[in-house]
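To start, the structure under review is shown below, and the notes come after it.
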Amino acid sequence: MSGPDVIDLGRIRLDCVSLAPVAAPALLLVHGWGGDGREWAVHAEALAAPSA
């Protein structure tokens, strides 16, 4: 797991956290207005775990 990253798209700035290996498929979890990434904390580790 790495720390928070920032993706700067010019007018839009995205704060993100990578939990799975770089080669893993990407999964983007988006929260609503007034929320933050902690809303996904309960599910993040399970979603980042390798599938059997």
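The chains in the structure tokens are called A, B, ... from first to last as shown; in each chain the residues are counted from 1, and the ligands are counted from 1 in the order shown.
All residues of segment 1-41 of chain A that DSSP, run on the backbone, classes as helix (DSSP H, G or I) are Gly37, Arg38, Glu39, Trp40 and Ala41 of chain A.
The residues of chain A that DSSP assigns to strand (DSSP E or B) on this backbone come out as Pro4, Asp5, Val6, Ile7, Asp8, Arg13, Leu14, Asp15, Cys16 and Val17 of chain A.
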(message) Neighbouring residues of Ile7 of chain A were defined as those with any atom within 12 Å, considering only C-alpha atoms; residues of the same chain fewer than 4 positions away were excluded. Please report them as JSON, numbers by chain.
(response) {"A": [11, 12, 13, 14, 15, 16, 17, 18]}
Preceding selection exported with N, CA, C and O atoms as a PDB file, in the first residue's frame:
ATOM      1  N   ARG A  11      -7.903  21.318 -14.463  1.00  0.00           N
ATOM      2  CA  ARG A  11      -8.989  21.914 -13.671  1.00  0.00           C
ATOM      3  C   ARG A  11      -9.506  20.981 -12.584  1.00  0.00           C
ATOM      4  O   ARG A  11     -10.267  21.396 -11.710  1.00  0.00           O
ATOM      5  N   ILE A  12      -9.118  19.730 -12.640  1.00  0.00           N
ATOM      6  CA  ILE A  12      -9.590  18.734 -11.677  1.00  0.00           C
ATOM      7  C   ILE A  12      -8.389  18.106 -10.984  1.00  0.00           C
ATOM      8  O   ILE A  12      -7.403  17.749 -11.626  1.00  0.00           O
ATOM      9  N   ARG A  13      -8.479  17.979  -9.684  1.00  0.00           N
ATOM     10  CA  ARG A  13      -7.428  17.325  -8.906  1.00  0.00           C
ATOM     11  C   ARG A  13      -8.052  16.138  -8.181  1.00  0.00           C
ATOM     12  O   ARG A  13      -9.056  16.299  -7.468  1.00  0.00           O
ATOM     13  N   LEU A  14      -7.501  14.959  -8.375  1.00  0.00           N
ATOM     14  CA  LEU A  14      -8.008  13.750  -7.731  1.00  0.00           C
ATOM     15  C   LEU A  14      -7.005  13.265  -6.698  1.00  0.00           C
ATOM     16  O   LEU A  14      -5.833  13.081  -7.006  1.00  0.00           O
ATOM     17  N   ASP A  15      -7.465  13.066  -5.474  1.00  0.00           N
ATOM     18  CA  ASP A  15      -6.642  12.447  -4.446  1.00  0.00           C
ATOM     19  C   ASP A  15      -6.982  10.968  -4.448  1.00  0.00           C
ATOM     20  O   ASP A  15      -8.157  10.596  -4.469  1.00  0.00           O
ATOM     21  N   CYS A  16      -5.966  10.129  -4.445  1.00  0.00           N
ATOM     22  CA  CYS A  16      -6.235   8.692  -4.516  1.00  0.00           C
ATOM     23  C   CYS A  16      -5.246   7.913  -3.666  1.00  0.00           C
ATOM     24  O   CYS A  16      -4.189   8.397  -3.298  1.00  0.00           O
ATOM     25  N   VAL A  17      -5.625   6.684  -3.353  1.00  0.00           N
ATOM     26  CA  VAL A  17      -4.781   5.762  -2.606  1.00  0.00           C
ATOM     27  C   VAL A  17      -4.746   4.454  -3.386  1.00  0.00           C
ATOM     28  O   VAL A  17      -5.788   3.934  -3.783  1.00  0.00           O
ATOM     29  N   SER A  18      -3.553   3.926  -3.609  1.00  0.00           N
ATOM     30  CA  SER A  18      -3.396   2.645  -4.296  1.00  0.00           C
ATOM     31  C   SER A  18      -3.164   1.565  -3.254  1.00  0.00           C
ATOM     32  O   SER A  18      -2.274   1.690  -2.414  1.00  0.00           O
TER      33      SER A  18
END
